[in-house]
>>> print(open('work26.txt').read())   # compact mmCIF, C-alpha atoms
# COMPACT_ATOMS: atom_id res chain seq x y z
CA MET A 15 -38.29 70.42 -27.08
CA LYS A 16 -41.58 72.21 -27.70
CA LYS A 17 -41.51 71.19 -31.37
CA LEU A 18 -40.87 67.56 -30.41
CA LEU A 19 -43.78 67.59 -27.95
CA LEU A 20 -46.16 69.01 -30.54
CA THR A 21 -45.05 66.41 -33.08
CA MET A 22 -45.64 63.55 -30.63
CA LEU A 23 -49.07 64.90 -29.77
CA ALA A 24 -49.96 65.15 -33.45
CA VAL A 25 -49.00 61.56 -34.15
CA ALA A 26 -50.91 60.28 -31.11
CA LEU A 27 -54.07 62.16 -32.02
CA LEU A 28 -54.03 61.24 -35.69
CA VAL A 29 -53.48 57.55 -34.93
CA SER A 30 -56.33 57.47 -32.40
CA PHE A 31 -58.62 59.41 -34.73
CA ALA A 32 -57.91 57.14 -37.68
CA GLY A 33 -58.79 54.11 -35.60
CA ALA A 34 -62.06 55.66 -34.49
CA ALA A 35 -62.97 56.65 -38.04
CA TYR A 36 -62.49 53.12 -39.35
CA LEU A 37 -64.78 51.36 -36.92
CA ILE A 38 -67.59 53.42 -35.43
CA ALA A 39 -68.78 51.26 -32.57
CA PRO A 40 -72.57 51.21 -32.68
CA ARG A 41 -72.80 50.62 -28.95
CA GLN A 42 -71.50 54.14 -28.55
CA VAL A 43 -74.98 55.18 -29.55
CA LYS A 44 -76.49 53.12 -26.77
CA GLU A 45 -74.30 53.85 -23.77
CA ARG A 46 -70.72 54.39 -24.89
CA ILE A 47 -71.15 57.94 -26.11
CA GLY A 48 -69.87 60.55 -23.75
CA VAL A 49 -67.98 58.32 -21.34
CA ALA A 50 -65.95 60.81 -19.36
CA THR A 51 -62.23 60.95 -20.01
CA GLY A 52 -61.08 63.32 -17.31
CA SER A 53 -61.70 64.18 -13.69
CA PRO A 54 -64.21 66.88 -12.78
CA GLU A 55 -61.71 68.06 -10.19
CA THR A 56 -58.95 68.67 -12.75
CA SER A 57 -59.15 71.59 -15.11
CA VAL A 58 -56.42 73.60 -16.71
CA ARG A 59 -58.62 76.64 -16.44
CA ALA A 60 -58.90 76.19 -12.68
CA ASN A 61 -55.57 74.73 -11.68
CA GLY A 62 -53.03 76.08 -14.13
CA ALA A 63 -50.69 74.54 -16.67
CA ALA A 64 -49.31 71.89 -14.32
CA SER A 65 -52.69 70.07 -14.28
CA ARG A 66 -53.40 70.11 -18.00
CA THR A 67 -55.16 66.96 -19.11
CA PRO A 68 -54.44 65.05 -22.34
CA GLU A 69 -57.61 66.64 -23.75
CA ASP A 70 -56.29 70.13 -22.94
CA LEU A 71 -52.99 69.36 -24.67
CA LYS A 72 -54.70 68.11 -27.82
CA VAL A 73 -56.83 71.24 -27.98
CA LEU A 74 -53.73 73.38 -27.47
CA PHE A 75 -51.86 71.57 -30.24
CA HIS A 76 -54.63 72.11 -32.78
CA GLU A 77 -55.15 75.72 -31.74
CA THR A 78 -51.44 76.28 -32.43
CA ARG A 79 -51.73 74.53 -35.78
CA ILE A 80 -54.67 76.70 -36.83
CA ALA A 81 -52.80 79.85 -35.81
CA ASN A 82 -50.17 78.89 -38.38
CA GLN A 83 -52.59 77.46 -40.98
CA PRO A 84 -55.90 79.36 -40.60
CA ASN A 85 -57.14 78.26 -44.04
CA ASP A 86 -56.63 74.52 -43.46
CA ALA A 87 -60.09 72.93 -43.26
CA GLN A 88 -58.72 69.68 -41.86
CA ALA A 89 -57.03 71.59 -39.05
CA HIS A 90 -60.38 73.09 -38.08
CA ARG A 91 -62.01 69.64 -38.19
CA LEU A 92 -59.35 68.13 -35.93
CA LEU A 93 -59.66 70.99 -33.46
CA ALA A 94 -63.40 70.38 -33.44
CA HIS A 95 -62.75 66.69 -32.71
CA ALA A 96 -60.42 67.59 -29.83
CA LEU A 97 -62.94 70.04 -28.39
CA VAL A 98 -65.65 67.38 -28.36
CA ALA A 99 -63.33 65.00 -26.50
CA ARG A 100 -62.68 67.67 -23.89
CA ALA A 101 -66.37 68.52 -23.62
CA GLU A 102 -67.17 64.88 -22.91
CA ALA A 103 -64.50 64.88 -20.19
CA THR A 104 -65.49 68.11 -18.45
CA GLY A 105 -69.13 68.65 -19.32
CA ASP A 106 -68.27 72.12 -20.61
CA SER A 107 -70.94 73.02 -23.16
CA ALA A 108 -68.80 75.90 -24.42
CA ASP A 109 -66.45 73.36 -26.01
CA TYR A 110 -69.36 71.81 -27.90
CA ASP A 111 -70.32 75.24 -29.19
CA ARG A 112 -66.71 76.00 -30.16
CA SER A 113 -66.50 72.67 -31.96
CA TRP A 114 -69.56 73.54 -34.06
CA ALA A 115 -68.04 76.93 -34.89
CA GLU A 116 -64.83 75.25 -36.06
CA LEU A 117 -66.83 72.95 -38.31
CA ASP A 118 -68.70 75.94 -39.72
CA GLN A 119 -65.29 77.45 -40.55
CA ALA A 120 -64.17 74.21 -42.20
CA GLU A 121 -67.38 74.20 -44.24
CA GLN A 122 -66.68 77.73 -45.46
CA LEU A 123 -63.22 76.67 -46.56
CA GLU A 124 -64.46 73.48 -48.26
CA SER A 125 -68.10 74.06 -49.09
CA ARG A 126 -68.65 70.68 -50.75
CA SER A 127 -66.79 68.55 -48.20
CA LEU A 128 -68.74 65.51 -47.05
CA ILE A 129 -66.26 64.87 -44.27
CA THR A 130 -67.25 68.13 -42.55
CA ILE A 131 -70.89 67.08 -42.73
CA LEU A 132 -69.88 63.74 -41.20
CA PHE A 133 -68.04 65.54 -38.39
CA LYS A 134 -71.10 67.69 -37.72
CA ALA A 135 -73.36 64.64 -37.56
CA LYS A 136 -70.92 62.93 -35.19
CA LEU A 137 -70.86 66.00 -32.97
CA LEU A 138 -74.64 65.94 -32.71
CA LEU A 139 -74.55 62.20 -32.09
CA SER A 140 -72.10 62.68 -29.22
CA ARG A 141 -74.62 65.05 -27.61
CA HIS A 142 -77.43 62.56 -28.25
CA ARG A 143 -79.15 65.01 -30.58
CA PHE A 144 -80.24 62.06 -32.67
CA ALA A 145 -82.88 63.72 -34.85
CA GLN A 146 -80.53 66.56 -35.73
CA ALA A 147 -77.70 64.12 -36.45
CA ARG A 148 -80.02 62.17 -38.74
CA ASP A 149 -81.00 65.34 -40.61
CA VAL A 150 -77.39 66.48 -41.07
CA ALA A 151 -76.36 63.03 -42.29
CA GLY A 152 -79.31 63.14 -44.67
CA GLN A 153 -78.02 66.38 -46.14
CA GLY A 154 -74.74 64.65 -46.89
CA LEU A 155 -76.49 61.67 -48.45
CA GLN A 156 -78.30 64.03 -50.78
CA LYS A 157 -74.87 64.92 -52.16
CA ASP A 158 -73.60 61.32 -52.23
CA ALA A 159 -76.15 58.59 -51.61
CA ASP A 160 -73.40 55.97 -51.48
CA ASP A 161 -71.26 57.49 -48.74
CA VAL A 162 -70.69 54.50 -46.44
CA ALA A 163 -69.77 56.52 -43.34
CA LEU A 164 -72.91 58.67 -43.57
CA ILE A 165 -75.12 55.65 -44.18
CA GLY A 166 -73.61 53.94 -41.15
CA LEU A 167 -74.16 56.98 -38.99
CA SER A 168 -77.74 57.25 -40.21
CA SER A 169 -78.25 53.65 -39.13
CA ASP A 170 -76.83 54.44 -35.69
CA THR A 171 -79.20 57.37 -35.20
CA ALA A 172 -82.19 55.35 -36.38
CA VAL A 173 -81.43 52.56 -33.90
CA ALA A 174 -80.93 55.07 -31.10
CA MET A 175 -84.32 56.63 -31.87
CA GLY A 176 -86.04 53.25 -32.02
CA ASP A 177 -86.76 53.54 -35.75
CA PHE A 178 -85.70 50.00 -36.58
CA LYS A 179 -87.34 50.00 -40.01
CA ALA A 180 -85.23 52.96 -41.13
CA ALA A 181 -82.12 51.39 -39.59
CA GLU A 182 -82.73 48.18 -41.51
CA ALA A 183 -83.04 50.09 -44.77
CA HIS A 184 -79.70 51.79 -44.16
CA LEU A 185 -78.06 48.48 -43.26
CA GLN A 186 -79.36 46.79 -46.40
CA ARG A 187 -77.66 49.56 -48.34
CA LEU A 188 -74.44 48.99 -46.42
CA LEU A 189 -74.59 45.29 -47.26
CA VAL A 190 -74.52 46.24 -50.94
CA LEU A 191 -71.78 48.87 -50.64
CA ALA A 192 -69.56 47.33 -47.94
CA PRO A 193 -70.44 43.64 -47.55
CA ASP A 194 -67.00 42.73 -46.20
CA SER A 195 -66.76 45.51 -43.62
CA PRO A 196 -66.75 44.55 -39.92
CA ASP A 197 -68.59 47.81 -39.30
CA THR A 198 -71.51 46.65 -41.44
CA TRP A 199 -71.90 43.38 -39.54
CA SER A 200 -71.44 44.98 -36.11
CA LYS A 201 -74.21 47.48 -36.84
CA MET A 202 -76.48 44.67 -38.00
CA SER A 203 -75.68 42.86 -34.76
CA TYR A 204 -76.65 45.90 -32.74
CA LEU A 205 -80.00 46.19 -34.51
CA ALA A 206 -80.73 42.52 -33.81
CA GLU A 207 -79.75 43.04 -30.16
CA MET A 208 -82.06 46.02 -29.78
CA ARG A 209 -84.86 43.94 -31.25
CA GLY A 210 -84.25 41.41 -28.49
CA ASN A 211 -82.73 38.63 -30.60
CA LEU A 212 -79.45 37.88 -28.81
CA ASP A 213 -78.75 34.70 -30.76
CA GLU A 214 -78.95 36.53 -34.08
CA ALA A 215 -76.96 39.44 -32.66
CA THR A 216 -74.21 37.05 -31.54
CA ALA A 217 -74.06 35.31 -34.92
CA LEU A 218 -73.78 38.65 -36.72
CA MET A 219 -71.09 39.83 -34.32
CA GLU A 220 -69.12 36.67 -35.05
CA LYS A 221 -69.25 37.66 -38.73
CA ALA A 222 -68.03 41.13 -37.78
CA LEU A 223 -65.09 39.65 -35.89
CA ALA A 224 -64.21 37.33 -38.77
CA ALA A 225 -64.37 40.28 -41.18
CA GLY A 226 -62.10 42.25 -38.87
CA TYR A 227 -59.43 39.57 -39.01
CA GLU A 228 -59.81 39.20 -42.77
CA LYS A 229 -59.45 42.96 -43.24
CA ASP A 230 -56.49 43.04 -40.85
CA VAL A 231 -57.97 46.00 -38.97
CA LYS A 232 -56.13 47.75 -36.17
CA TYR A 233 -55.62 45.86 -32.92
CA GLU A 234 -57.90 48.20 -30.99
CA SER A 235 -60.71 47.56 -33.45
CA LEU A 236 -60.25 43.81 -33.02
CA ALA A 237 -60.24 44.32 -29.26
CA TRP A 238 -63.55 46.18 -29.51
CA LEU A 239 -65.08 43.40 -31.63
CA HIS A 240 -63.96 40.72 -29.17
CA THR A 241 -65.26 42.73 -26.22
CA ILE A 242 -68.72 43.33 -27.67
CA LEU A 243 -69.01 39.70 -28.73
CA GLY A 244 -68.06 38.76 -25.17
CA GLU A 245 -70.78 41.07 -23.85
CA LEU A 246 -73.37 39.30 -26.00
CA GLU A 247 -72.17 35.88 -24.85
CA ALA A 248 -72.38 36.99 -21.23
CA ARG A 249 -75.96 38.14 -21.74
CA ARG A 250 -76.72 34.71 -23.21
CA GLY A 251 -75.34 33.12 -20.02
CA LYS A 252 -72.12 31.84 -21.59
CA LEU A 253 -69.80 33.48 -19.07
CA ASP A 254 -66.75 31.34 -19.82
CA VAL A 255 -66.97 32.18 -23.52
CA ALA A 256 -67.38 35.84 -22.62
CA ARG A 257 -64.20 35.76 -20.54
CA GLU A 258 -62.32 34.15 -23.43
CA HIS A 259 -63.26 37.07 -25.65
CA TYR A 260 -62.28 39.65 -23.02
CA THR A 261 -58.93 37.91 -22.63
CA ALA A 262 -58.46 37.88 -26.40
CA ALA A 263 -59.25 41.60 -26.51
CA LEU A 264 -56.61 42.34 -23.88
CA LYS A 265 -54.05 40.32 -25.83
CA LYS A 266 -54.76 42.42 -28.91
CA ALA A 267 -54.73 45.71 -27.02
CA PRO A 268 -53.23 45.41 -23.52
CA ASP A 269 -55.20 47.30 -20.87
CA TYR A 270 -57.99 47.97 -23.39
CA ARG A 271 -60.45 49.91 -21.28
CA LEU A 272 -63.75 48.36 -22.35
CA ALA A 273 -62.38 44.83 -21.92
CA VAL A 274 -61.09 45.67 -18.43
CA GLU A 275 -64.51 47.13 -17.59
CA PHE A 276 -66.46 44.12 -18.80
CA THR A 277 -64.04 41.72 -17.10
CA ALA A 278 -64.64 43.55 -13.81
CA ASP A 279 -68.40 43.27 -14.41
CA LEU A 280 -68.03 39.56 -15.06
CA ASP A 281 -65.98 39.10 -11.90
CA MET A 282 -68.75 40.81 -9.94
CA TRP A 283 -71.44 38.59 -11.46
CA GLN A 284 -69.40 35.49 -10.62
CA GLY A 285 -68.88 36.57 -7.03
CA ASN A 286 -65.21 37.52 -7.25
CA GLN A 287 -65.62 40.86 -5.52
CA LYS A 288 -61.91 41.42 -4.90
CA ALA A 289 -61.02 41.10 -8.59
CA SER A 290 -63.99 43.22 -9.57
CA GLU A 291 -63.02 45.99 -7.15
CA GLU A 292 -59.42 45.92 -8.38
CA GLY A 293 -60.63 46.24 -11.97
CA TYR A 294 -62.89 49.21 -11.24
CA ARG A 295 -60.23 50.96 -9.17
CA HIS A 296 -57.68 50.43 -11.92
CA LEU A 297 -59.98 52.06 -14.45
CA LEU A 298 -60.65 55.00 -12.16
CA SER A 299 -56.96 55.47 -11.45
CA ARG A 300 -56.44 56.14 -15.13
CA ARG A 301 -59.54 58.17 -15.95
CA PHE A 302 -62.59 59.54 -14.19
CA ASP A 303 -65.75 57.70 -15.23
CA PRO A 304 -69.00 58.35 -13.34
CA LYS A 305 -70.58 55.10 -14.48
CA ILE A 306 -67.64 53.04 -13.23
CA GLN A 307 -67.79 54.99 -9.96
CA LEU A 308 -71.43 53.98 -9.55
CA ARG A 309 -70.63 50.31 -10.12
CA LEU A 310 -67.82 50.50 -7.58
CA ALA A 311 -70.17 52.27 -5.16
CA ASP A 312 -72.71 49.44 -5.44
CA LEU A 313 -69.95 46.90 -4.80
CA LEU A 314 -68.57 48.81 -1.80
CA GLU A 315 -72.01 49.19 -0.26
CA ARG A 316 -72.51 45.43 -0.40
CA GLN A 317 -69.18 45.10 1.38
CA GLY A 318 -70.31 47.50 4.10
CA ASN A 319 -68.21 50.50 3.02
CA LYS A 320 -71.16 52.89 2.93
CA ASP A 321 -69.18 56.11 3.42
CA GLU A 322 -67.00 55.68 0.32
CA ALA A 323 -70.00 54.44 -1.64
CA ALA A 324 -71.92 57.61 -0.75
CA ARG A 325 -68.96 59.80 -1.70
CA LEU A 326 -68.62 58.13 -5.11
CA ARG A 327 -72.34 58.45 -5.80
CA ASP A 328 -72.28 62.13 -4.85
CA GLU A 329 -69.35 62.81 -7.20
CA SER A 330 -71.14 61.04 -10.05
CA LEU A 331 -74.37 62.91 -9.32
CA GLN A 332 -72.56 66.25 -9.48
CA PHE A 333 -70.93 65.29 -12.77
CA PHE A 334 -74.21 64.16 -14.34
CA GLU A 335 -75.97 67.34 -13.23
CA ARG A 336 -73.22 69.49 -14.70
CA VAL A 337 -73.02 67.76 -18.07
CA VAL A 338 -76.80 67.58 -18.51
CA SER A 339 -77.17 71.26 -17.66
CA GLY A 340 -74.34 71.90 -20.13
CA GLY A 341 -76.31 70.29 -22.96
CA ASN A 342 -74.99 66.69 -23.00
CA GLU A 343 -78.22 64.74 -23.12
CA GLY A 344 -76.39 61.42 -23.22
CA TYR A 345 -76.53 61.37 -19.42
CA LEU A 346 -80.26 62.05 -18.98
CA ARG A 347 -81.02 58.43 -18.19
CA ASP A 348 -78.11 58.08 -15.75
CA LEU A 349 -79.22 61.14 -13.82
CA ALA A 350 -82.83 59.92 -13.85
CA ARG A 351 -81.72 56.59 -12.33
CA LEU A 352 -79.86 58.34 -9.52
CA ASP A 353 -82.86 60.57 -8.84
CA LEU A 354 -85.13 57.52 -8.76
CA ALA A 355 -82.86 55.77 -6.27
CA ALA A 356 -82.86 58.88 -4.07
CA GLY A 357 -86.63 59.33 -4.24
CA ARG A 358 -86.49 62.49 -6.35
CA TYR A 359 -89.41 61.29 -8.43
CA GLN A 360 -90.47 64.56 -10.04
CA ARG A 361 -87.07 65.35 -11.55
CA ALA A 362 -86.54 61.70 -12.44
CA ALA A 363 -89.78 61.72 -14.44
CA GLU A 364 -88.85 64.98 -16.16
CA LEU A 365 -85.47 63.59 -17.18
CA ALA A 366 -86.96 60.30 -18.37
CA ALA A 367 -89.56 62.19 -20.44
CA ARG A 368 -86.79 64.21 -22.08
CA ASP A 369 -84.92 61.01 -22.80
CA LEU A 370 -88.01 59.55 -24.45
CA THR A 371 -88.20 62.48 -26.85
CA LEU A 372 -84.69 61.54 -28.01
CA ARG A 373 -84.97 57.78 -28.22
CA LEU A 374 -88.05 55.62 -27.90
CA THR A 375 -86.32 52.38 -26.94
CA VAL A 376 -87.38 49.49 -24.73
CA GLU A 377 -84.94 50.63 -22.04
CA SER A 378 -86.07 54.28 -22.03
CA ARG A 379 -89.73 53.26 -21.83
CA ALA A 380 -89.03 50.80 -19.02
CA LEU A 381 -87.22 53.43 -16.94
CA TYR A 382 -90.00 55.99 -17.50
CA ASN A 383 -92.67 53.54 -16.38
CA ARG A 384 -90.61 52.33 -13.42
CA ILE A 385 -90.24 55.91 -12.14
CA LEU A 386 -93.99 56.49 -12.29
CA GLN A 387 -94.73 53.17 -10.59
CA SER A 388 -92.15 53.79 -7.84
CA ALA A 389 -93.49 57.29 -7.22
CA ALA A 390 -97.04 55.95 -6.87
CA GLU A 391 -95.94 53.14 -4.55
CA ALA A 392 -94.07 55.66 -2.38
CA GLY A 393 -97.21 57.75 -2.02
CA HIS A 394 -95.99 60.50 -4.36
CA PRO A 395 -97.94 60.01 -7.59
CA LEU A 396 -97.11 62.26 -10.52
CA PRO A 397 -100.47 63.44 -11.93
CA ASN A 398 -98.97 65.09 -15.01
CA TYR A 399 -97.54 61.79 -16.22
CA ALA A 400 -99.12 58.46 -17.09
CA PRO A 401 -97.47 55.12 -17.94
CA LEU A 402 -96.34 54.68 -21.51
CA ALA A 403 -98.61 52.38 -23.48
CA PRO A 404 -96.82 49.14 -24.43
CA ARG A 405 -96.85 49.78 -28.19
CA SER A 406 -97.16 53.54 -28.27
CA ASN A 407 -94.56 55.64 -30.04
CA THR A 408 -95.03 58.66 -27.77
CA PRO A 409 -95.25 59.12 -24.02
CA THR A 410 -98.81 59.62 -22.82
CA THR A 411 -99.84 61.82 -19.92
CA ALA A 412 -102.94 62.29 -17.85
CA GLN A 413 -102.93 65.87 -19.01
CA SER A 414 -100.16 67.01 -21.32
CA THR A 415 -96.49 66.54 -20.60
CA PRO A 416 -95.22 69.91 -19.32
CA VAL A 417 -93.87 71.93 -22.22
CA ALA A 418 -90.85 72.95 -20.16
CA VAL A 419 -89.84 69.31 -19.83
CA LEU A 420 -89.88 68.60 -23.55
CA SER A 421 -88.29 71.81 -24.78
CA ARG A 422 -85.13 71.93 -22.73
>>> encode(input="work26.txt", output="structure tokens")
Amino acid sequence: MKKLLLTMLAVALLVSFAGAAYLIAPRQVKERIGVATGSPETSVRANGAASRTPEDLKVLFHETRIANQPNDAQAHRLLAHALVARAEATGDSADYDRSWAELDQAEQLESRSLITILFKAKLLLSRHRFAQARDVAGQGLQKDADDVALIGLSSDTAVAMGDFKAAEAHLQRLLVLAPDSPDTWSKMSYLAEMRGNLDEATALMEKALAAGYEKDVKYESLAWLHTILGELEARRGKLDVAREHYTAALKKAPDYRLAVEFTADLDMWQGNQKASEEGYRHLLSRRFDPKIQLRLADLLERQGNKDEAARLRDESLQFFERVVSGGNEGYLRDLARLDLAAGRYQRAAELAARDLTLRLTVESRALYNRILQSAAEAGHPLPNYAPLAPRSNTPTTAQSTPVAVLSR
């Protein structure tokens, strides 16, 4: 029985990992990285074996595999992958550190392996350590300048950091090496979107979807392509077209999480609060997600259910504080938004300044400036911070930004 369980877990993990490796969704860099996959209340370490999460079981499987095959570099890489998934679910920084150690071990076993370098860059990307991820990917590209996966990841980090010129250079290289790849076109779409050209982004995403069908990619990859194209259509005001894409995604991959999420968002925008609430609650019944909790909280507050809304916001706040303190900087902006809403202007500004050191995007600048403006309007100006100049590449301050803020 134990052997059968381990075999089933292995197949499930390898299938999911293969799908993720084929199509690295660029929107993960924007907001999809680090979406929680487990409840902060459930932990095998706290509650015993009966409450083990899927992430715990995957870690256990790969730990068992390594015990039997300690010199298998791929086994160490897959354990590292499983540890990152659990870290994203629990906010436990120790799992991130363990993951890096496993990749170091894999590198010792296969010193010239580009795939280990790719795993390391992905690990840094998952923690929103964009500059470090870029540097590690660059080390791999020095060994093989034509490695498509490393070029794609380098493009993702450049977009995340607001270095659109560098991202475009990487994407031009991808067009030469992988012109028929849906990944190439989806990354080009994301760059156009971040530059504010939604029409171009939509057209490029349509090419990505067409390439996905031509390549006969996995159903979940097609579902992702449909969902992101639907998101772009929704932002262009074409809500009916957006819903068609979400429906198509769910036909390809029933109960596909991102499509369910965006459908619930669309229902909320169109005034169908009951359907929207059902969608959010369905997602939360399957997996804890602090961002979904916050959307549900906003919806419930509008309906007059202030007590449950407050409880959900408090749970999300606790999660964000734990994962940020644990080293996951992907949630800096989310925590800053909650602090802004609660009038905690000083910490909100500190978090937003840290976020700016990671990624100088339109959204990060807008949040930083909004915090300073709100603090001033509330009679609590922040003298150590000044609004970011419209075309500046670095945050400006009346004095200097506190060193403690930027070095954490």
>>> residues_around(input="work26.txt", residues="range 92-99 of chain A", least_positions_apart="4", cutoff="10 Å", atoms="only C-alpha atoms", output="NGL selection string")
:A and (27-28 or 31 or 48-52 or 68-80 or 87-88 or 103-118 or 120 or 133-134 or 136-137 or 140-141)
>>> closest_atom_pairs(input="work26.txt", of="range 99-170 of chain A", to="range 176-192 of chain A", cutoff="8 Å", atoms="all atoms listed in the file", output="Markdown table")
| residue | atom | partner | partner_atom | distance |
| --- | --- | --- | --- | --- |
| A:Asp160 | CA | A:Leu191 | CA | 7.3 |
| A:Val162 | CA | A:Leu188 | CA | 6.7 |
| A:Ile165 | CA | A:His184 | CA | 6.0 |
| A:Gly166 | CA | A:His184 | CA | 7.1 |
| A:Ser168 | CA | A:His184 | CA | 7.0 |
| A:Ser169 | CA | A:Ala181 | CA | 4.5 |
| A:Asp170 | CA | A:Ala181 | CA | 7.2 |
>>> atom_distance(input="work26.txt", atom1="CA of Arg361 in chain A", atom2="CA of Leu349 in chain A")
9.2 Å
>>> atom_distance(input="work26.txt", atom1="CA of Pro401 in chain A", atom2="CA of Asn383 in chain A")
5.3 Å
>>> residues_around(input="work26.txt", residues="Ser388 in chain A", least_positions_apart="5", cutoff="10 Å", atoms="all atoms listed in the file", output="PDB file with C-alpha atoms, in the frame of the given file")
ATOM      1  CA  LEU A 354     -85.130  57.520  -8.760  1.00  0.00           C
ATOM      2  CA  ALA A 355     -82.860  55.770  -6.270  1.00  0.00           C
ATOM      3  CA  GLY A 357     -86.630  59.330  -4.240  1.00  0.00           C
ATOM      4  CA  TYR A 359     -89.410  61.290  -8.430  1.00  0.00           C
ATOM      5  CA  ASN A 383     -92.670  53.540 -16.380  1.00  0.00           C
ATOM      6  CA  GLY A 393     -97.210  57.750  -2.020  1.00  0.00           C
ATOM      7  CA  HIS A 394     -95.990  60.500  -4.360  1.00  0.00           C
ATOM      8  CA  PRO A 395     -97.940  60.010  -7.590  1.00  0.00           C
TER       9      PRO A 395
END
>>> atom_distance(input="work26.txt", atom1="CA of Ala215 in chain A", atom2="CA of Ala237 in chain A")
17.7 Å
>>> closest_residue(input="work26.txt", among="A:Val338, A:Ala400, A:Met175, A:Ala163", to="Glu377 in chain A", atoms="only C-alpha atoms")
A:Met175
>>> closest_residue(input="work26.txt", among="A:Ala256, A:Ala172, A:Ala289, A:Ala389", to="Ala273 in chain A", atoms="only C-alpha atoms")
A:Ala256
